[in-house]
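Below: work-v8.txt (compact mmCIF, C-alpha atoms and all ligand atoms)
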```txt
# COMPACT_ATOMS: atom_id res chain seq x y z
CA MET A 1 271.29 83.43 -20.63
CA LYS A 2 269.50 80.11 -20.44
CA MET A 3 269.51 78.44 -17.00
CA VAL A 4 268.62 74.81 -16.43
CA ILE A 5 268.33 73.15 -13.01
CA LYS A 6 268.33 69.36 -13.00
CA VAL A 7 268.16 67.19 -9.89
CA PHE A 8 269.27 63.55 -9.95
CA GLU A 9 268.88 61.04 -7.19
CA THR A 10 272.55 60.06 -6.84
CA PRO A 11 275.98 61.63 -7.42
CA PHE A 12 276.61 58.95 -10.05
CA GLU A 13 273.57 60.09 -12.03
CA VAL A 14 274.78 63.71 -11.77
CA ALA A 15 278.15 62.71 -13.19
CA GLU A 16 276.52 60.55 -15.88
CA ALA A 17 274.24 63.39 -16.99
CA LEU A 18 277.22 65.70 -17.35
CA ALA A 19 279.15 63.05 -19.25
CA LEU A 20 276.29 62.78 -21.76
CA GLU A 21 276.31 66.57 -22.23
CA ILE A 22 280.07 66.58 -22.81
CA VAL A 23 279.80 63.70 -25.32
CA ASP A 24 277.21 65.72 -27.26
CA THR A 25 279.39 68.83 -27.22
CA VAL A 26 282.54 66.99 -28.32
CA ASN A 27 280.69 65.22 -31.15
CA ARG A 28 279.12 68.51 -32.29
CA CYS A 29 282.53 70.19 -32.36
CA LYS A 30 283.86 67.26 -34.40
CA ARG A 31 281.03 67.67 -36.92
CA GLU A 32 281.82 71.38 -37.08
CA LYS A 33 285.48 70.45 -37.70
CA ARG A 34 286.79 72.33 -34.68
CA ILE A 35 288.30 71.33 -31.36
CA ALA A 36 286.29 71.41 -28.16
CA ALA A 37 287.82 73.56 -25.43
CA ILE A 38 286.83 72.30 -22.00
CA ALA A 39 287.89 73.70 -18.62
CA VAL A 40 287.54 71.42 -15.60
CA SER A 41 287.62 72.11 -11.87
CA GLY A 42 289.17 70.22 -8.99
CA GLY A 43 287.68 68.71 -5.88
CA LYS A 44 285.82 65.47 -5.21
CA THR A 45 282.76 65.96 -7.45
CA PRO A 46 284.68 66.33 -10.71
CA LEU A 47 286.66 63.22 -9.71
CA LEU A 48 283.45 61.15 -9.99
CA PHE A 49 282.72 62.76 -13.34
CA PHE A 50 286.17 61.83 -14.69
CA THR A 51 285.68 58.24 -13.55
CA VAL A 52 282.22 57.94 -15.12
CA LEU A 53 283.43 59.52 -18.36
CA ALA A 54 286.44 57.22 -18.62
CA ASP A 55 284.69 54.03 -17.53
CA HIS A 56 281.42 54.42 -19.43
CA PHE A 57 281.93 56.88 -22.30
CA SER A 58 285.47 56.30 -23.57
CA GLY A 59 284.08 55.09 -26.91
CA ALA A 60 281.30 57.67 -27.20
CA ALA A 61 283.37 60.54 -28.63
CA ASP A 62 286.74 61.34 -30.18
CA TRP A 63 288.42 62.56 -26.98
CA SER A 64 291.53 63.51 -28.94
CA ASN A 65 289.42 66.34 -30.41
CA VAL A 66 289.30 68.03 -27.02
CA HIS A 67 291.75 70.52 -25.54
CA TYR A 68 291.64 70.28 -21.75
CA PHE A 69 292.20 73.25 -19.48
CA TRP A 70 291.79 73.85 -15.76
CA VAL A 71 289.41 76.31 -14.16
CA ASP A 72 291.82 76.56 -11.27
CA GLU A 73 294.80 74.88 -9.64
CA ARG A 74 296.49 74.68 -6.31
CA MET A 75 300.07 75.95 -6.55
CA VAL A 76 301.60 72.58 -5.71
CA PRO A 77 303.71 70.17 -7.79
CA SER A 78 301.69 68.22 -10.40
CA VAL A 79 302.48 64.96 -8.53
CA SER A 80 300.89 66.26 -5.33
CA PRO A 81 297.61 64.60 -4.30
CA GLU A 82 296.39 68.19 -3.85
CA SER A 83 296.86 68.89 -7.57
CA ASN A 84 293.69 69.26 -9.66
CA TYR A 85 295.71 68.12 -12.66
CA MET A 86 296.75 64.96 -10.77
CA ILE A 87 293.07 64.10 -10.13
CA ALA A 88 292.24 64.41 -13.84
CA ASP A 89 295.38 62.53 -14.90
CA GLN A 90 294.76 59.60 -12.57
CA HIS A 91 291.03 59.27 -13.19
CA LEU A 92 290.69 60.32 -16.83
CA PHE A 93 293.86 60.78 -18.88
CA GLN A 94 295.37 57.49 -17.78
CA LYS A 95 292.22 55.73 -19.04
CA ILE A 96 291.42 57.50 -22.33
CA SER A 97 293.98 58.40 -24.96
CA VAL A 98 294.56 62.13 -25.15
CA PRO A 99 297.50 63.69 -27.01
CA GLU A 100 299.91 65.33 -24.54
CA GLU A 101 299.70 68.58 -26.51
CA ASN A 102 295.96 68.73 -25.80
CA ILE A 103 296.45 68.95 -22.06
CA HIS A 104 297.01 72.50 -20.82
CA ARG A 105 297.60 72.24 -17.09
CA ILE A 106 298.33 75.15 -14.81
CA MET A 107 301.92 74.56 -13.69
CA GLY A 108 301.54 74.56 -9.92
CA GLU A 109 305.27 74.20 -9.48
CA ASN A 110 305.90 77.62 -11.04
CA ASP A 111 305.98 81.01 -9.40
CA PRO A 112 302.30 82.12 -9.35
CA SER A 113 302.87 85.62 -10.73
CA GLY A 114 304.69 84.29 -13.78
CA GLU A 115 302.31 81.34 -14.21
CA VAL A 116 299.28 83.67 -14.36
CA ILE A 117 300.85 85.25 -17.48
CA ARG A 118 302.01 81.98 -19.02
CA TYR A 119 298.68 80.19 -18.52
CA ALA A 120 296.62 83.12 -19.84
CA SER A 121 298.77 83.13 -22.98
CA GLU A 122 298.33 79.33 -23.39
CA ILE A 123 294.55 79.63 -23.05
CA ARG A 124 294.44 82.37 -25.67
CA LYS A 125 296.66 80.34 -28.02
CA TYR A 126 294.31 77.33 -28.08
CA THR A 127 290.83 78.85 -27.77
CA PRO A 128 288.76 81.15 -29.98
CA GLU A 129 287.88 84.61 -28.69
CA ARG A 130 284.52 86.27 -28.03
CA ASN A 131 284.07 89.78 -26.60
CA GLY A 132 287.86 89.96 -26.24
CA TYR A 133 288.03 86.93 -23.92
CA PRO A 134 288.78 83.25 -24.48
CA LEU A 135 285.68 81.25 -25.43
CA PHE A 136 285.40 77.85 -23.79
CA ASP A 137 282.83 75.40 -25.12
CA VAL A 138 282.40 74.04 -21.60
CA VAL A 139 283.39 75.19 -18.11
CA ILE A 140 282.76 72.66 -15.34
CA LEU A 141 282.48 74.19 -11.86
CA GLY A 142 282.17 72.86 -8.34
CA LEU A 143 280.63 74.75 -5.44
CA GLY A 144 282.18 75.23 -2.03
CA GLU A 145 280.05 75.39 1.13
CA ASP A 146 281.16 79.03 1.47
CA GLY A 147 279.85 79.81 -2.01
CA HIS A 148 283.23 79.83 -3.71
CA THR A 149 283.63 78.43 -7.18
CA ALA A 150 286.80 77.89 -9.17
CA SER A 151 289.26 79.48 -6.77
CA ILE A 152 287.21 82.66 -6.47
CA PHE A 153 286.45 82.95 -2.77
CA PRO A 154 284.11 85.26 -0.86
CA GLY A 155 285.69 88.71 -0.98
CA ASP A 156 287.14 88.05 -4.46
CA GLU A 157 283.96 89.18 -6.27
CA LYS A 158 286.05 91.75 -8.15
CA LEU A 159 287.36 88.83 -10.24
CA PHE A 160 283.99 88.88 -12.02
CA ARG A 161 284.66 92.48 -13.03
CA LEU A 162 288.42 92.74 -13.61
CA ARG A 163 289.75 92.09 -17.07
CA GLN A 164 292.64 89.60 -16.80
CA VAL A 165 292.14 86.05 -18.08
CA CYS A 166 293.36 84.54 -14.82
CA TYR A 167 294.45 85.59 -11.36
CA GLU A 168 296.43 84.42 -8.35
CA THR A 169 294.22 83.94 -5.29
CA MET A 170 294.59 82.39 -1.85
CA HIS A 171 292.44 79.91 0.02
CA PRO A 172 291.01 81.91 2.97
CA GLN A 173 291.46 79.15 5.55
CA THR A 174 294.63 77.40 4.47
CA GLY A 175 296.43 80.31 2.80
CA GLN A 176 297.18 77.96 -0.09
CA LYS A 177 298.09 79.88 -3.25
CA ARG A 178 295.82 79.22 -6.20
CA ILE A 179 295.49 80.29 -9.83
CA THR A 180 291.98 80.67 -11.20
CA ILE A 181 290.43 81.76 -14.45
CA SER A 182 288.49 84.98 -13.95
CA GLY A 183 284.76 85.43 -13.62
CA ARG A 184 284.70 87.20 -16.97
CA VAL A 185 286.18 84.15 -18.70
CA ILE A 186 283.73 81.84 -16.90
CA ASN A 187 280.83 84.08 -17.97
CA ASN A 188 282.12 84.19 -21.56
CA ALA A 189 281.71 80.41 -21.97
CA ALA A 190 279.19 78.75 -24.26
CA ALA A 191 278.09 76.40 -21.47
CA VAL A 192 278.81 76.39 -17.73
CA TYR A 193 277.93 73.35 -15.64
CA PHE A 194 277.79 73.37 -11.85
CA LEU A 195 278.30 69.85 -10.58
CA VAL A 196 277.10 69.74 -6.94
CA ALA A 197 276.45 66.76 -4.68
CA GLY A 198 276.07 66.17 -0.96
CA LYS A 199 273.99 67.33 2.00
CA ASN A 200 276.72 69.76 3.01
CA LYS A 201 275.96 71.84 -0.10
CA ALA A 202 272.17 72.07 0.47
CA THR A 203 272.23 75.42 2.28
CA VAL A 204 274.54 77.21 -0.14
CA VAL A 205 272.60 75.82 -3.12
CA ASN A 206 269.35 77.10 -1.62
CA THR A 207 270.87 80.53 -0.89
CA ILE A 208 271.94 80.87 -4.52
CA LEU A 209 269.08 79.23 -6.42
CA GLY A 210 266.45 80.31 -3.90
CA GLU A 211 267.74 83.91 -4.22
CA LYS A 212 268.07 84.28 -0.46
CA PRO A 213 269.57 87.35 1.27
CA GLY A 214 273.35 87.47 1.07
CA ARG A 215 273.54 85.47 -2.17
CA ARG A 216 275.42 88.24 -3.99
CA LEU A 217 278.26 87.86 -1.45
CA LEU A 218 278.79 84.35 -2.81
CA PRO A 219 281.03 84.26 -5.89
CA ALA A 220 279.12 81.30 -7.37
CA SER A 221 275.99 83.48 -7.54
CA ARG A 222 277.79 85.72 -10.03
CA VAL A 223 278.21 82.93 -12.59
CA SER A 224 275.93 84.04 -15.39
CA PRO A 225 277.19 83.27 -18.92
CA SER A 226 275.51 86.17 -20.76
CA ALA A 227 275.66 84.56 -24.22
CA GLY A 228 275.68 80.98 -23.03
CA SER A 229 273.85 78.40 -20.98
CA LEU A 230 274.11 77.71 -17.25
CA TYR A 231 273.32 74.25 -15.93
CA TRP A 232 272.98 73.26 -12.29
CA PHE A 233 273.33 69.49 -12.03
CA LEU A 234 272.52 68.51 -8.44
CA ASP A 235 271.96 65.34 -6.52
CA GLY A 236 268.91 65.03 -4.25
CA GLU A 237 270.88 65.87 -1.10
CA ALA A 238 272.40 69.07 -2.48
CA ALA A 239 268.96 70.14 -3.80
CA SER A 240 267.04 69.16 -0.63
CA GLU A 241 266.62 72.63 0.94
CA TYR A 242 265.99 74.30 -2.43
CA ARG A 243 263.30 71.73 -3.32
CA LYS A 244 261.63 72.19 0.08
CA ASN A 245 261.50 75.96 -0.38
CA GLU A 246 260.26 75.70 -3.97
CA ALA A 247 257.47 73.37 -2.81
CA GLY A 248 256.45 76.14 -0.37
C1 LIG B 301 289.23 73.32 -6.10
C2 LIG B 301 287.99 73.46 -6.90
C3 LIG B 301 286.88 74.03 -6.04
C4 LIG B 301 285.90 72.90 -5.89
C5 LIG B 301 284.89 73.19 -4.81
C6 LIG B 301 283.97 71.98 -4.60
O1 LIG B 301 290.33 73.48 -6.64
O2 LIG B 301 289.08 72.93 -4.92
O3 LIG B 301 288.10 74.01 -8.09
O4 LIG B 301 286.24 75.16 -6.58
O5 LIG B 301 285.23 72.71 -7.14
O6 LIG B 301 285.60 73.44 -3.62
O7 LIG B 301 284.77 70.89 -4.24
P1 LIG B 301 284.07 69.46 -3.94
O8 LIG B 301 283.44 69.04 -5.24
O9 LIG B 301 285.23 68.59 -3.52
O10 LIG B 301 283.06 69.69 -2.85
```

Would it be possible to restate this file's structure as C-alpha cells?
Amino acid sequence: MKMVIKVFETPFEVAEALALEIVDTVNRCKREKRIAAIAVSGGKTPLLFFTVLADHFSGAADWSNVHYFWVDERMVPSVSPESNYMIADQHLFQKISVPEENIHRIMGENDPSGEVIRYASEIRKYTPERNGYPLFDVVILGLGEDGHTASIFPGDEKLFRLRQVCYETMHPQTGQKRITISGRVINNAAAVYFLVAGKNKATVVNTILGEKPGRRLLPASRVSPSAGSLYWFLDGEAASEYRKNEAG
C-alpha cells in the first residue's frame, strides 16, 4: 500500500486537491472505456468537496461516466437534512448532470436489515470485483473525533474482518441506525482518500498518523487498502498536532 499525506492551508484547498484527483480518475476511466465507481461519505467536509467539484470542475470531466455510491448513510428519509444522499444531491447532483441510474443511494427509508442486502447487491451489480469484494475506484472518507470513519465506530473493529459487503451499525451517542460499507470493501479500493479539516480533528489525526498508543482502537487506523493507495488530505488545523510531533 502506498500512503500519501498532504497538508493544505485551508479546507477549500483540501477539497480542491481532492477534486483534481477525482477529475484525473474519472478521465482515466473514460480513456480506459469503463465507468468510475466512487463511494462518498457524509458529514460537513464532503459537503465542501461537492461544492468545489460542482462550482469549479463541472466541465473538467464527463461526470455521466461515474457511478456514485455511499460509504454510509443514516437510516432516515432521503429528504431529511440528516441524509448523506441529500447533502450530495443538494450540493452536487443538482449542479452537474448525472443520469439517475448512476446514483446508487442507500435507501434510508427502508428497514435496515433488508436494505443491507439490497444495497450490497446493487454495489456488486455495478462494480467490478477483486479478491471477492467490490472494487471501487475511489472511496472518500471523513474522520470523526472519536476515530470513526464511514459508520464504523469504536468497538466495531470487527467490520474490518467480517466478510459482508455492508452492515447495519448504530451511532454510539445518538443510537441512530446507520448502514455502512465494511472495512474489507474500503480496504479493497484502488484509492482511499481521507478528507479531514478543523482543529477538532488534530488530536485524532496525530494519534493515527503519529502512531500513538491506542490508535488500533480507532477504526480509521485500520484503513489500509492493501492493493491500493491511501491519501490523507488535511488542512493545517487538522494536521497541527501531527506536524508539531513530526518536527520533534
Ligand atoms: C457520516 C459520515 C462520517 C463523517 C465523519 C466526519 O455519515 O457522518 O460518513 O463518517 O465522515 O463523522 O464528519 P465531518 O466531516 O462532518 O467532521

As AutoDock Vina command-line options, please report the centre and edge lengths, rounded to one decimal in Å, of the axis-aligned box that holds all listed atoms of ligand LIG 301 (chain B) with 4 Å of padding on each of the six sides.
```
--center_x 286.7 --center_y 71.9 --center_z -5.5 --size_x 15.3 --size_y 14.6 --size_z 13.2
```

Select the residues contacting ligand LIG 301 (chain B) at a distance of at most 10 Å, based on all atoms listed in the file, then format the selection as a PDB file with C-alpha atoms, in the coordinates of the input.
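In the end it all went to pocket-v5.pdb:
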```pdb
ATOM      1  CA  VAL A  40     287.540  71.420 -15.600  1.00  0.00           C
ATOM      2  CA  SER A  41     287.620  72.110 -11.870  1.00  0.00           C
ATOM      3  CA  GLY A  42     289.170  70.220  -8.990  1.00  0.00           C
ATOM      4  CA  GLY A  43     287.680  68.710  -5.880  1.00  0.00           C
ATOM      5  CA  LYS A  44     285.820  65.470  -5.210  1.00  0.00           C
ATOM      6  CA  THR A  45     282.760  65.960  -7.450  1.00  0.00           C
ATOM      7  CA  PRO A  46     284.680  66.330 -10.710  1.00  0.00           C
ATOM      8  CA  LEU A  47     286.660  63.220  -9.710  1.00  0.00           C
ATOM      9  CA  LEU A  48     283.450  61.150  -9.990  1.00  0.00           C
ATOM     10  CA  TRP A  70     291.790  73.850 -15.760  1.00  0.00           C
ATOM     11  CA  VAL A  71     289.410  76.310 -14.160  1.00  0.00           C
ATOM     12  CA  ASP A  72     291.820  76.560 -11.270  1.00  0.00           C
ATOM     13  CA  GLU A  73     294.800  74.880  -9.640  1.00  0.00           C
ATOM     14  CA  ARG A  74     296.490  74.680  -6.310  1.00  0.00           C
ATOM     15  CA  GLU A  82     296.390  68.190  -3.850  1.00  0.00           C
ATOM     16  CA  SER A  83     296.860  68.890  -7.570  1.00  0.00           C
ATOM     17  CA  ASN A  84     293.690  69.260  -9.660  1.00  0.00           C
ATOM     18  CA  TYR A  85     295.710  68.120 -12.660  1.00  0.00           C
ATOM     19  CA  ILE A 140     282.760  72.660 -15.340  1.00  0.00           C
ATOM     20  CA  LEU A 141     282.480  74.190 -11.860  1.00  0.00           C
ATOM     21  CA  GLY A 142     282.170  72.860  -8.340  1.00  0.00           C
ATOM     22  CA  LEU A 143     280.630  74.750  -5.440  1.00  0.00           C
ATOM     23  CA  GLY A 144     282.180  75.230  -2.030  1.00  0.00           C
ATOM     24  CA  GLU A 145     280.050  75.390   1.130  1.00  0.00           C
ATOM     25  CA  ASP A 146     281.160  79.030   1.470  1.00  0.00           C
ATOM     26  CA  GLY A 147     279.850  79.810  -2.010  1.00  0.00           C
ATOM     27  CA  HIS A 148     283.230  79.830  -3.710  1.00  0.00           C
ATOM     28  CA  THR A 149     283.630  78.430  -7.180  1.00  0.00           C
ATOM     29  CA  ALA A 150     286.800  77.890  -9.170  1.00  0.00           C
ATOM     30  CA  SER A 151     289.260  79.480  -6.770  1.00  0.00           C
ATOM     31  CA  ILE A 152     287.210  82.660  -6.470  1.00  0.00           C
ATOM     32  CA  PHE A 153     286.450  82.950  -2.770  1.00  0.00           C
ATOM     33  CA  HIS A 171     292.440  79.910   0.020  1.00  0.00           C
ATOM     34  CA  ARG A 178     295.820  79.220  -6.200  1.00  0.00           C
ATOM     35  CA  ILE A 179     295.490  80.290  -9.830  1.00  0.00           C
ATOM     36  CA  THR A 180     291.980  80.670 -11.200  1.00  0.00           C
ATOM     37  CA  PHE A 194     277.790  73.370 -11.850  1.00  0.00           C
ATOM     38  CA  LEU A 195     278.300  69.850 -10.580  1.00  0.00           C
ATOM     39  CA  VAL A 196     277.100  69.740  -6.940  1.00  0.00           C
ATOM     40  CA  ALA A 197     276.450  66.760  -4.680  1.00  0.00           C
ATOM     41  CA  GLY A 198     276.070  66.170  -0.960  1.00  0.00           C
ATOM     42  CA  ASN A 200     276.720  69.760   3.010  1.00  0.00           C
ATOM     43  CA  LYS A 201     275.960  71.840  -0.100  1.00  0.00           C
ATOM     44  CA  ALA A 220     279.120  81.300  -7.370  1.00  0.00           C
TER      45      ALA A 220
END
```

So, counting all atoms listed in the file, which residue among A:Ile103, A:Leu217, A:Glu109, A:Ala190 is closest to Glu157 of chain A?
-> A:Leu217

What's the 9 Å shell around Ala54 of chain A, counting all atoms listed in the file, without same-chain residues fewer than 3 positions away, as an MDAnalysis selection string?
-> chainID A and resid 49:51 57:59 91:96

For the residues in the current selection, export C-alpha atoms as a short mmCIF file (atom, residue, chain, number, x, y, z; two decimals), in the frame of the given file.
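Just written: out_9.cif:
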```
data_model
loop_
_atom_site.label_atom_id
_atom_site.label_comp_id
_atom_site.auth_asym_id
_atom_site.auth_seq_id
_atom_site.Cartn_x
_atom_site.Cartn_y
_atom_site.Cartn_z
CA PHE A 49 282.72 62.76 -13.34
CA PHE A 50 286.17 61.83 -14.69
CA THR A 51 285.68 58.24 -13.55
CA PHE A 57 281.93 56.88 -22.30
CA SER A 58 285.47 56.30 -23.57
CA GLY A 59 284.08 55.09 -26.91
CA HIS A 91 291.03 59.27 -13.19
CA LEU A 92 290.69 60.32 -16.83
CA PHE A 93 293.86 60.78 -18.88
CA GLN A 94 295.37 57.49 -17.78
CA LYS A 95 292.22 55.73 -19.04
CA ILE A 96 291.42 57.50 -22.33
#
```

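For the residues A:Gly132, A:Gly108, A:Pro219, A:Gly236, ranking by smallest atom-to-atom distance to Asp156 of chain A using all atoms listed in the file places A:Pro219 first.
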
Just give me the gap between atom CA of Val7 of chain A and atom CA of Ala202 of chain A in Å, one decimal is fine.
->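 Taking atom CA of Val7 of chain A as the start and atom CA of Ala202 of chain A as the end point, the length is 12.1 Å.
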
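Among the candidates A:Glu211, A:Glu115, A:Glu9, A:Glu246, the one nearest to Ile181 of chain A when counting all atoms listed in the file is A:Glu115.
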
Up to 8 Å from (282.2, 87.6, -12.5) in the file's coordinates: name the residues, counting only C-alpha atoms, as a count of residues only.
-> 14

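Atom CA of Met3 of chain A lies 19.3 Å from atom CA of Ala247 of chain A.
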
Could you pull the residues within 12 Å of Asn245 of chain A, counting all atoms listed in the file, minus those fewer than 2 positions along the same chain, as a PDB file with C-alpha atoms, in the coordinates of the input?
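around-v2.pdb written:
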```pdb
ATOM      1  CA  ALA A 202     272.170  72.070   0.470  1.00  0.00           C
ATOM      2  CA  THR A 203     272.230  75.420   2.280  1.00  0.00           C
ATOM      3  CA  VAL A 205     272.600  75.820  -3.120  1.00  0.00           C
ATOM      4  CA  ASN A 206     269.350  77.100  -1.620  1.00  0.00           C
ATOM      5  CA  THR A 207     270.870  80.530  -0.890  1.00  0.00           C
ATOM      6  CA  LEU A 209     269.080  79.230  -6.420  1.00  0.00           C
ATOM      7  CA  GLY A 210     266.450  80.310  -3.900  1.00  0.00           C
ATOM      8  CA  GLU A 211     267.740  83.910  -4.220  1.00  0.00           C
ATOM      9  CA  LYS A 212     268.070  84.280  -0.460  1.00  0.00           C
ATOM     10  CA  ALA A 239     268.960  70.140  -3.800  1.00  0.00           C
ATOM     11  CA  SER A 240     267.040  69.160  -0.630  1.00  0.00           C
ATOM     12  CA  GLU A 241     266.620  72.630   0.940  1.00  0.00           C
ATOM     13  CA  TYR A 242     265.990  74.300  -2.430  1.00  0.00           C
ATOM     14  CA  ARG A 243     263.300  71.730  -3.320  1.00  0.00           C
ATOM     15  CA  ALA A 247     257.470  73.370  -2.810  1.00  0.00           C
ATOM     16  CA  GLY A 248     256.450  76.140  -0.370  1.00  0.00           C
TER      17      GLY A 248
END
```

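Straight-line separation from atom CA of Ser64 of chain A to atom CA of Ser97 of chain A: 6.9 Å.
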
From A:Gln90, A:Ser229, A:Ser121, A:Asn188, residue lying nearest Cys166 of chain A [only C-alpha atoms] |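 Selected residue with least distance to Cys166 of chain A: A:Ser121.
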
For Asn102 of chain A, list every protein, DNA or RNA residue within 8 Å, evaluated using all atoms listed in the file, and leave out those in the same chain fewer than 5 positions away; present the list as a CSV table (one decimal) with C-alpha atoms, in the frame of the given file.
```csv
chain,number,residue,atom,x,y,z
A,64,SER,CA,291.5,63.5,-28.9
A,66,VAL,CA,289.3,68.0,-27.0
A,67,HIS,CA,291.8,70.5,-25.5
A,68,TYR,CA,291.6,70.3,-21.8
```

Please identify all polymer residues within 12 Å of Pro128 of chain A, counting all atoms listed in the file, omitting same-chain residues fewer than 4 positions from it, and present them as a PyMOL selection string.
-> chain A and resi 34-37+67+122-124+132-137+185+188-190

With C-alpha atoms retained, write the just-selected residues as a compact mmCIF listing (two decimals), keeping the file's coordinate frame.
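Below is the file that was written, part-v4.txt:
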```txt
# COMPACT_ATOMS: atom_id res chain seq x y z
CA ARG A 34 286.79 72.33 -34.68
CA ILE A 35 288.30 71.33 -31.36
CA ALA A 36 286.29 71.41 -28.16
CA ALA A 37 287.82 73.56 -25.43
CA HIS A 67 291.75 70.52 -25.54
CA GLU A 122 298.33 79.33 -23.39
CA ILE A 123 294.55 79.63 -23.05
CA ARG A 124 294.44 82.37 -25.67
CA GLY A 132 287.86 89.96 -26.24
CA TYR A 133 288.03 86.93 -23.92
CA PRO A 134 288.78 83.25 -24.48
CA LEU A 135 285.68 81.25 -25.43
CA PHE A 136 285.40 77.85 -23.79
CA ASP A 137 282.83 75.40 -25.12
CA VAL A 185 286.18 84.15 -18.70
CA ASN A 188 282.12 84.19 -21.56
CA ALA A 189 281.71 80.41 -21.97
CA ALA A 190 279.19 78.75 -24.26
```

Can you work out which one of A:Val14, A:Arg216, A:Lys30, A:Gln173 has the shortest atom-to-atom distance to Val204 of chain A, counting only C-alpha atoms?
->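 Using only C-alpha atoms, the shortest distance to Val204 of chain A belongs to A:Arg216.
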